[in-house]
$ cat structure14.csv   # CSV, C-alpha atoms
chain,number,residue,atom,x,y,z
A,13,MET,CA,118.4,94.0,109.9
A,14,LYS,CA,115.5,93.8,112.4
A,15,ILE,CA,111.9,94.4,111.4
A,16,ARG,CA,110.2,96.9,113.6
A,17,MET,CA,107.2,99.2,113.9
A,18,ASP,CA,107.8,102.9,113.8
A,19,THR,CA,104.9,105.3,114.2
A,20,ALA,CA,107.1,108.3,113.2
A,21,GLY,CA,106.3,107.4,109.6
A,22,LEU,CA,102.7,108.1,110.2
A,23,ARG,CA,103.4,111.6,111.7
A,24,GLN,CA,105.4,112.5,108.6
A,25,SER,CA,102.4,112.0,106.3
A,26,LYS,CA,99.9,114.7,105.8
A,27,TRP,CA,96.1,114.0,105.7
A,28,TYR,CA,95.9,114.9,102.0
A,29,GLU,CA,98.6,112.3,101.2
A,30,TYR,CA,96.2,109.6,102.6
A,31,VAL,CA,93.3,111.0,100.6
A,32,PHE,CA,95.6,111.0,97.5
A,33,ARG,CA,96.4,107.3,98.0
A,34,PHE,CA,92.7,106.5,98.6
A,35,VAL,CA,91.6,108.2,95.4
A,36,PHE,CA,94.5,106.8,93.4
A,37,GLY,CA,94.0,103.2,94.7
A,38,GLY,CA,90.2,103.4,94.1
A,39,THR,CA,90.7,104.8,90.6
A,40,VAL,CA,93.1,102.0,89.6
A,41,THR,CA,90.7,99.4,91.0
A,42,ALA,CA,87.8,100.9,89.0
A,43,LEU,CA,90.0,101.1,85.9
A,44,ALA,CA,91.0,97.4,86.2
A,45,GLY,CA,87.3,96.5,86.3
A,46,LEU,CA,86.5,98.7,83.2
A,47,ILE,CA,89.5,97.3,81.2
A,48,ALA,CA,88.3,93.7,82.0
A,49,LYS,CA,84.8,94.6,80.9
A,50,ARG,CA,86.0,96.2,77.7
A,51,PHE,CA,88.8,93.8,76.7
A,52,GLY,CA,87.9,90.6,78.6
A,53,PRO,CA,89.4,88.9,81.7
A,54,GLU,CA,92.6,87.8,80.0
A,55,ILE,CA,93.7,91.4,79.4
A,56,GLY,CA,92.0,92.8,82.5
A,57,GLY,CA,93.8,90.3,84.7
A,58,LEU,CA,97.2,91.8,83.7
A,59,PHE,CA,96.1,95.1,85.4
A,60,LEU,CA,95.5,93.4,88.7
A,61,ALA,CA,99.3,93.5,89.1
A,62,PHE,CA,99.8,97.0,87.6
A,63,PRO,CA,102.3,99.0,89.7
A,64,ALA,CA,99.9,101.9,90.2
A,65,ILE,CA,100.8,102.8,93.8
A,66,LEU,CA,104.6,102.5,93.5
A,67,PRO,CA,105.2,105.9,91.7
A,68,ALA,CA,103.0,107.7,94.3
A,69,SER,CA,104.6,106.1,97.3
A,70,ALA,CA,108.1,106.4,96.0
A,71,THR,CA,107.5,110.2,95.5
A,72,LEU,CA,106.2,110.5,99.1
A,73,ILE,CA,109.2,108.6,100.5
A,74,GLU,CA,111.6,110.8,98.6
A,75,LYS,CA,109.8,113.9,99.9
A,76,HIS,CA,109.8,112.7,103.5
A,77,GLU,CA,113.5,111.6,103.5
A,78,LYS,CA,114.6,114.9,101.9
A,79,GLN,CA,112.7,116.9,104.5
A,80,LYS,CA,114.2,114.8,107.3
A,81,LYS,CA,117.8,115.4,106.0
A,82,GLU,CA,117.2,119.1,105.4
A,83,ARG,CA,115.9,119.6,108.9
A,84,SER,CA,119.3,118.4,110.2
A,85,GLY,CA,121.0,121.0,107.8
A,86,LYS,CA,122.1,118.5,105.2
A,87,ALA,CA,121.3,118.2,101.5
A,88,GLY,CA,118.7,115.4,101.2
A,89,ALA,CA,118.0,115.1,97.4
A,90,GLY,CA,120.4,112.1,96.9
A,91,ARG,CA,119.3,110.4,100.1
A,92,GLY,CA,115.6,110.8,99.1
A,93,LYS,CA,116.2,109.1,95.7
A,94,ALA,CA,118.1,106.3,97.3
A,95,ALA,CA,115.4,105.7,99.9
A,96,ALA,CA,112.8,105.6,97.1
A,97,GLY,CA,115.0,103.1,95.3
A,98,VAL,CA,115.3,100.8,98.3
A,99,ASP,CA,111.5,100.9,98.6
A,100,ALA,CA,111.3,99.8,94.9
A,101,ILE,CA,113.7,97.0,95.5
A,102,GLY,CA,111.4,95.9,98.4
A,103,ALA,CA,108.5,96.0,96.0
A,104,SER,CA,110.3,93.8,93.5
A,105,MET,CA,110.5,91.1,96.3
A,106,GLY,CA,106.8,91.7,97.0
A,107,ALA,CA,106.1,91.1,93.3
A,108,ILE,CA,107.4,87.6,93.6
A,109,GLY,CA,104.8,87.0,96.3
A,110,LEU,CA,102.2,88.6,94.1
A,111,ALA,CA,102.9,86.0,91.4
A,112,VAL,CA,102.4,83.3,94.0
A,113,PHE,CA,99.1,85.0,95.1
A,114,ALA,CA,97.8,85.0,91.5
A,115,LEU,CA,98.9,81.4,90.9
A,116,ILE,CA,97.0,80.2,94.0
A,117,VAL,CA,93.8,82.1,93.0
A,118,TRP,CA,94.0,80.8,89.4
A,119,LEU,CA,94.4,77.2,90.4
A,120,ARG,CA,92.3,77.0,93.6
A,121,LEU,CA,89.4,79.5,93.1
A,122,PRO,CA,87.2,77.3,90.7
A,123,GLU,CA,87.0,74.5,93.3
A,124,SER,CA,87.2,76.2,96.7
A,125,GLY,CA,85.4,78.9,98.7
A,126,THR,CA,86.3,82.5,97.6
A,127,GLY,CA,87.0,83.8,101.1
A,128,MET,CA,89.3,80.9,102.0
A,129,VAL,CA,91.2,81.1,98.7
A,130,LEU,CA,91.8,84.9,98.9
A,131,ALA,CA,92.8,84.6,102.6
A,132,GLY,CA,95.2,81.7,101.8
A,133,ALA,CA,96.6,83.5,98.8
A,134,THR,CA,97.2,86.7,100.8
A,135,LEU,CA,99.0,84.7,103.5
A,136,ALA,CA,101.1,83.0,100.8
A,137,TRP,CA,101.9,86.5,99.3
A,138,PHE,CA,103.1,87.6,102.8
A,139,ILE,CA,105.1,84.4,103.6
A,140,THR,CA,106.8,84.3,100.1
A,141,SER,CA,107.6,88.0,100.1
A,142,VAL,CA,109.1,87.9,103.7
A,143,SER,CA,111.1,84.8,102.9
A,144,VAL,CA,112.6,86.3,99.7
A,145,TRP,CA,113.4,89.5,101.7
A,146,LYS,CA,115.0,87.5,104.5
A,147,LEU,CA,117.0,85.4,102.0
A,148,ARG,CA,118.3,88.5,100.2
A,149,GLU,CA,119.3,90.0,103.6
A,150,VAL,CA,121.3,86.9,104.5
A,151,LEU,CA,123.0,86.7,101.1
A,152,TRP,CA,123.7,90.5,101.1
A,153,ARG,CA,125.3,90.2,104.5
A,154,ARG,CA,127.5,87.3,103.4
A,155,VAL,CA,128.6,89.1,100.2
A,156,ARG,CA,129.6,92.2,102.3
A,157,LYS,CA,131.4,90.1,104.9
A,158,GLY,CA,133.2,88.3,102.1
A,159,SER,CA,134.3,91.4,100.4
A,160,LYS,CA,135.7,92.8,103.7
A,161,GLN,CA,137.9,89.7,104.2
A,162,TYR,CA,139.6,90.1,100.8
B,24,MET,CA,78.0,104.0,87.8
B,25,LYS,CA,77.1,102.4,91.1
B,26,GLU,CA,79.5,99.6,90.5
B,27,ILE,CA,82.4,102.0,89.6
B,28,LEU,CA,81.8,103.9,92.8
B,29,LEU,CA,81.8,100.7,94.8
B,30,ARG,CA,85.1,99.7,93.2
B,31,VAL,CA,86.6,103.1,94.0
B,32,ILE,CA,85.6,102.9,97.7
B,33,VAL,CA,86.6,99.2,98.2
B,34,GLY,CA,89.8,99.6,96.2
B,35,GLY,CA,90.8,102.9,97.9
B,36,GLY,CA,90.2,101.3,101.3
B,37,VAL,CA,92.3,98.2,100.6
B,38,VAL,CA,95.1,100.1,99.0
B,39,SER,CA,95.2,102.7,101.8
B,40,ALA,CA,95.3,99.9,104.5
B,41,PHE,CA,98.3,98.2,102.9
B,42,ALA,CA,100.0,101.6,102.3
B,43,LEU,CA,99.5,102.5,106.0
B,44,LEU,CA,101.0,99.2,107.1
B,45,GLY,CA,104.0,99.9,104.9
B,46,ASP,CA,104.4,103.4,106.5
B,47,LEU,CA,104.6,101.7,109.9
B,48,LEU,CA,107.3,99.2,109.2
B,49,LYS,CA,111.1,99.6,109.1
B,50,PRO,CA,113.5,99.0,107.4
B,51,LYS,CA,112.5,100.6,104.1
B,52,SER,CA,113.3,97.5,102.0
B,53,PHE,CA,110.9,95.5,104.1
B,54,ALA,CA,108.2,98.2,104.0
B,55,GLY,CA,108.6,98.2,100.2
B,56,LEU,CA,107.1,94.7,100.1
B,57,PHE,CA,103.8,96.4,100.7
B,58,GLY,CA,104.2,98.4,97.5
B,59,ALA,CA,103.4,95.1,95.8
B,60,ALA,CA,100.7,93.9,98.1
B,61,PRO,CA,97.7,92.3,96.3
B,62,SER,CA,95.5,95.3,97.2
B,63,VAL,CA,93.9,96.1,93.8
B,64,ALA,CA,93.6,92.3,93.2
B,65,LEU,CA,91.8,91.6,96.5
B,66,ALA,CA,89.3,94.5,95.9
B,67,THR,CA,88.7,93.5,92.3
B,68,LEU,CA,88.5,89.7,92.7
B,69,VAL,CA,85.9,89.9,95.5
B,70,LEU,CA,83.6,92.1,93.3
B,71,THR,CA,84.3,90.1,90.1
B,72,VAL,CA,83.4,86.7,91.8
B,73,MET,CA,80.1,88.3,93.0
B,74,LYS,CA,79.2,89.6,89.6
B,75,GLU,CA,80.8,87.4,87.0
B,76,GLY,CA,81.5,84.1,88.8
B,77,LYS,CA,84.6,82.1,89.8
B,78,ALA,CA,85.7,81.0,86.4
B,79,TYR,CA,85.9,84.6,85.1
B,80,ALA,CA,87.9,85.6,88.2
B,81,SER,CA,90.2,82.6,87.8
B,82,THR,CA,91.0,83.6,84.2
B,83,GLU,CA,91.9,87.1,85.5
B,84,ALA,CA,94.2,85.6,88.1
B,85,ARG,CA,96.0,83.5,85.3
B,86,SER,CA,96.8,86.7,83.5
B,87,MET,CA,97.7,88.4,86.8
B,88,VAL,CA,100.7,85.9,87.2
B,89,LEU,CA,102.2,87.5,84.1
B,90,GLY,CA,101.4,91.0,85.3
B,91,ALA,CA,103.2,90.2,88.6
B,92,LEU,CA,106.3,89.0,86.7
B,93,ALA,CA,106.2,92.3,84.7
B,94,PHE,CA,105.9,94.1,88.1
B,95,PHE,CA,109.0,92.4,89.3
B,96,LEU,CA,111.1,93.5,86.3
B,97,TYR,CA,109.6,97.1,86.6
B,98,ALA,CA,110.5,97.4,90.3
B,99,CYS,CA,114.0,96.1,89.7
B,100,VAL,CA,114.6,98.7,86.9
B,101,VAL,CA,113.2,101.5,89.0
B,102,GLY,CA,115.2,100.5,92.1
B,103,ARG,CA,118.4,100.3,90.2
B,104,LEU,CA,117.9,103.6,88.3
B,105,LEU,CA,117.2,105.4,91.6
B,106,ILE,CA,119.9,103.9,93.7
B,107,ARG,CA,122.8,103.8,91.1
B,108,ARG,CA,121.9,106.7,88.8
B,109,ARG,CA,120.0,108.9,91.3
B,110,MET,CA,117.4,109.8,88.6
B,111,PRO,CA,114.3,111.9,89.3
B,112,VAL,CA,111.8,109.7,91.2
B,113,LEU,CA,108.4,110.5,89.7
B,114,SER,CA,109.6,110.6,86.0
B,115,THR,CA,111.6,107.4,86.5
B,116,ALA,CA,108.8,105.5,88.2
B,117,GLY,CA,106.3,106.9,85.6
B,118,LEU,CA,108.3,106.3,82.4
B,119,ALA,CA,109.4,102.8,83.6
B,120,THR,CA,105.7,101.7,83.4
B,121,THR,CA,106.5,101.2,79.7
B,122,VAL,CA,108.8,98.3,80.9
B,123,TRP,CA,105.7,96.9,82.7
B,124,PHE,CA,103.5,97.3,79.6
B,125,GLY,CA,106.2,95.8,77.3
B,126,CYS,CA,106.8,92.8,79.6
B,127,ALA,CA,103.2,92.1,80.6
B,128,PHE,CA,101.8,92.3,77.0
B,129,GLY,CA,104.9,90.5,75.6
B,130,LEU,CA,104.4,87.6,78.0
B,131,TRP,CA,100.7,87.6,77.4
B,132,PHE,CA,101.3,87.4,73.6
B,133,ALA,CA,103.9,84.7,74.0
B,134,VAL,CA,102.1,82.5,76.6
B,135,LEU,CA,98.4,83.1,76.6
B,136,ARG,CA,97.4,84.3,73.2

$ encode --input "structure14.csv" --output "structure tokens"
Amino acid sequence: MKIRMDTAGLRQSKWYEYVFRFVFGGTVTALAGLIAKRFGPEIGGLFLAFPAILPASATLIEKHEKQKKERSGKAGAGRGKAAAGVDAIGASMGAIGLAVFALIVWLRLPESGTGMVLAGATLAWFITSVSVWKLREVLWRRVRKGSKQY
Amino acid sequence: MKEILLRVIVGGGVVSAFALLGDLLKPKSFAGLFGAAPSVALATLVLTVMKEGKAYASTEARSMVLGALAFFLYACVVGRLLIRRRMPVLSTAGLATTVWFGCAFGLWFAVLR
């Protein structure tokens, strides 16, 4: 499957959905800081990888996909749930990259510049996540091709 | 109070930027990668280094590795329940955070404590 940009996704979102994400993301960041302050960095650090945004974005994806199907006169409830599920599977691959990000920050931050470590770790997150996604695509295609032959 | 407000603004901005990027990309499984972007971590770590120093932020990152592994398990469970069982999205994604809590604290207890 080819990766592409599609601005239609932006048109589907309402302004208050962006505000909701902003407030939600900001609240989680503030809470992560407060938890670290109260319980120390060892517990606080766990919450840097808390899946706070996933429930909100999965709900929005379901809503948009459902509306799209219903506009074309079809029932969209099942399709909406499946689309949200596919998004979550994508997030699971991103989480592998997130572990690599954390590993790099943990090992490199004490000796290197903060900006460089965070930029490098973010790049590593992206490369790892995309590589895992690509690998899964290739394997999935082979499995499907194989099952068609038998 | 000032610090909390700063965290809300920086965190909200970084999270929104990654979410916007995810909205723009297709297919959906690829866009989903951005659901696990290091947005909260980036916002938090910059402010933590400024206030508490690098050693403190590095300790947070060590625990974050375990949090990310718990995130992986959480997202797999949510994805499977939504695709195979077609369960309600918000309650599934919300209730499955117990999987994250169980896994993250279980790993922390086993590895770091």

$ interface_residues --input "structure14.csv" --of "chain B" --to "chain A" --cutoff "7 Å" --atoms "only C-alpha atoms" --output "compact mmCIF listing (two decimals) with C-alpha atoms, in the coordinates of the input"
# COMPACT_ATOMS: atom_id res chain seq x y z
CA ILE B 27 82.40 102.00 89.60
CA ARG B 30 85.10 99.70 93.20
CA VAL B 31 86.60 103.10 94.00
CA ILE B 32 85.60 102.90 97.70
CA VAL B 33 86.60 99.20 98.20
CA GLY B 34 89.80 99.60 96.20
CA GLY B 35 90.80 102.90 97.90
CA GLY B 36 90.20 101.30 101.30
CA VAL B 38 95.10 100.10 99.00
CA SER B 39 95.20 102.70 101.80
CA ASP B 46 104.40 103.40 106.50
CA LEU B 47 104.60 101.70 109.90
CA LEU B 48 107.30 99.20 109.20
CA LYS B 49 111.10 99.60 109.10
CA PRO B 50 113.50 99.00 107.40
CA LYS B 51 112.50 100.60 104.10
CA SER B 52 113.30 97.50 102.00
CA PHE B 53 110.90 95.50 104.10
CA ALA B 54 108.20 98.20 104.00
CA GLY B 55 108.60 98.20 100.20
CA LEU B 56 107.10 94.70 100.10
CA PHE B 57 103.80 96.40 100.70
CA GLY B 58 104.20 98.40 97.50
CA ALA B 59 103.40 95.10 95.80
CA ALA B 60 100.70 93.90 98.10
CA PRO B 61 97.70 92.30 96.30
CA VAL B 63 93.90 96.10 93.80
CA ALA B 64 93.60 92.30 93.20
CA THR B 67 88.70 93.50 92.30
CA LYS B 77 84.60 82.10 89.80
CA ALA B 78 85.70 81.00 86.40
CA TYR B 79 85.90 84.60 85.10
CA SER B 81 90.20 82.60 87.80
CA THR B 82 91.00 83.60 84.20
CA GLU B 83 91.90 87.10 85.50
CA ALA B 84 94.20 85.60 88.10
CA ARG B 85 96.00 83.50 85.30
CA SER B 86 96.80 86.70 83.50
CA MET B 87 97.70 88.40 86.80
CA VAL B 88 100.70 85.90 87.20
CA LEU B 89 102.20 87.50 84.10
CA GLY B 90 101.40 91.00 85.30
CA ALA B 91 103.20 90.20 88.60
CA LEU B 92 106.30 89.00 86.70
CA PHE B 94 105.90 94.10 88.10
CA PHE B 95 109.00 92.40 89.30
CA ALA B 98 110.50 97.40 90.30
CA CYS B 99 114.00 96.10 89.70
CA VAL B 101 113.20 101.50 89.00
CA GLY B 102 115.20 100.50 92.10
CA ARG B 103 118.40 100.30 90.20
CA LEU B 105 117.20 105.40 91.60
CA ILE B 106 119.90 103.90 93.70
CA ARG B 109 120.00 108.90 91.30
CA VAL B 112 111.80 109.70 91.20
CA LEU B 113 108.40 110.50 89.70
CA ALA B 116 108.80 105.50 88.20
CA GLY B 117 106.30 106.90 85.60
CA ALA B 127 103.20 92.10 80.60

$ atom_distance --input "structure14.csv" --atom1 "CA of Ala133 in chain B" --atom2 "CA of Leu65 in chain B"
26.5 Å

$ atom_distance --input "structure14.csv" --atom1 "CA of Leu151 in chain A" --atom2 "CA of Ile139 in chain A"
18.2 Å

$ atom_distance --input "structure14.csv" --atom1 "CA of Ala80 in chain B" --atom2 "CA of Arg50 in chain A"
15.0 Å
